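First up is the structure itself, then whatever we jot down about it.
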Amino acid sequence: MLISVINTSKHPLPEYQTAHAAGMDVRANLTEPVTLKPLQRALVPTGLFLEIPVGYEMQVRPRSGLAYKHGIGLVNSPGTIDADYRGELKVLLVNLSDQEFVVQDGERIAQLVVARHETVAWQPVEVLSDTARGAGGYGSTGVQ
Ligand SMILES: O=c1ccn([C@H]2C[C@H](O)[C@@H](COP(=O)(O)OP(=O)(O)OP(=O)(O)O)O2)c(=O)[nH]1
Ligand SMILES: [Mg+2]
């Protein structure tokens, strides 16, 4: 699919790193590095402005390498970019490690996955259909 984009950053557009990757890695666009102390969060700019087609959303997801090696995640994982959003795409990083982490300009900080979504209209009713699960949840089926 095609997504209209304005790139005000000094970096290339987000790219798939392999042929069948689901996510495109997106880069930080910074004038100076951002230091994240343990448990600190920051809204990191990308310099990208998008127009996602109606009926689709973009999910901003963590990169597992950054998560595993440095404890870097997204506070709102997965972030949701709406089709009608025209502001700058930003990434809400959090440092879940016990070490300081420095985000560098141009660093691939997250990945973007585009997905279809439904738009729901509610149908209020008095009774819902019976199922074997019923109201069971939160581990009701056991562990093994
Ligand atoms: O990681 C994110 C999450 C959101 N957004 C932008 C795009 C999205 O369309 C908009 C609103 O996001 P969301 O609905 O998650 O935030 P909200 O707290 O509900 O704000 P709003 O009241 O503006 O919807 O912010 C980002 O740039 N990055
Ligand atoms: Mg919202």
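Ligands are numbered from 1 in the order shown, chains are lettered A, B, ... in the order of the structure tokens, and residues start at 1 in each chain.
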Q. Residues within 12 Å of ligand 2 (only C-alpha atoms and all ligand atoms), as a PyMOL selection string?
A. chain A and resi 76+79-85
(Q) With DSSP run on the backbone, what are the strand (DSSP E or B) residues within segment 3-114 of chain A? I'd like them as a PyMOL selection string. (A) chain A and resi 4-7+15-16+24-27+34-36+41-51+56-61+72-74+79-81+88-95+101-103+108-114
Q: Throw together the list of residues within 12 Å of ligand 1, counting only C-alpha atoms and all ligand atoms, and drop it here as an MDAnalysis selection string.
A: chainID A and resid 26 42:52 56:62 73:94 109:113
(Q) Could you check the closest approach to Asn7 of chain A for each of A:Val102, A:Asn29, A:Ala21, A:Ser64 and tell me which residue wins, using only C-alpha atoms? (A)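 Distance minimum relative to Asn7 of chain A lands on A:Asn29.
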Q | Backbone DSSP call of alpha helix (DSSP H) for chain A, listed as number ranges by chain | A | A: 64-70
Next, dump the selected residues to file, keeping only C-alpha atoms, as a PDB file, in the first residue's frame.
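Done, and the output landed in result_10.pdb:
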```pdb
ATOM      1  CA  SER A  64      13.271  -6.547  20.661  1.00  0.00           C
ATOM      2  CA  GLY A  65      17.017  -5.900  20.410  1.00  0.00           C
ATOM      3  CA  LEU A  66      16.770  -2.594  22.252  1.00  0.00           C
ATOM      4  CA  ALA A  67      14.391  -4.193  24.729  1.00  0.00           C
ATOM      5  CA  TYR A  68      16.644  -7.160  25.438  1.00  0.00           C
ATOM      6  CA  LYS A  69      20.030  -5.426  25.434  1.00  0.00           C
ATOM      7  CA  HIS A  70      19.039  -2.106  27.027  1.00  0.00           C
TER       8      HIS A  70
END
```
Q: In Å, rounded to a single decimal, give me how far atom CA of Tyr16 of chain A is from atom CA of Val114 of chain A.
A: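 Going from atom CA of Val114 of chain A over to atom CA of Tyr16 of chain A, I get 12.1 Å.
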Q) Quick one: distance from atom CA of Pro33 of chain A to atom CA of Glu100 of chain A in Å, one decimal? A)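 Atom-to-atom, atom CA of Pro33 of chain A to atom CA of Glu100 of chain A, that is 12.4 Å.
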Q) atom CA of Ser4 of chain A and atom CA of Val103 of chain A are how many Å apart? A) 27.0 Å
**Q.** All residues 9 Å or closer to Ser97 of chain A, only C-alpha atoms, same chain fewer than 3 positions away omitted, as a VMD selection string
**A.** chain A and resid 37 to 39 70 to 72 100 to 101
Q) From the list A:Leu13, A:Leu96, A:Ile6, A:Met24, which residue is nearest Arg63 of chain A when using only C-alpha atoms? A) A:Met24
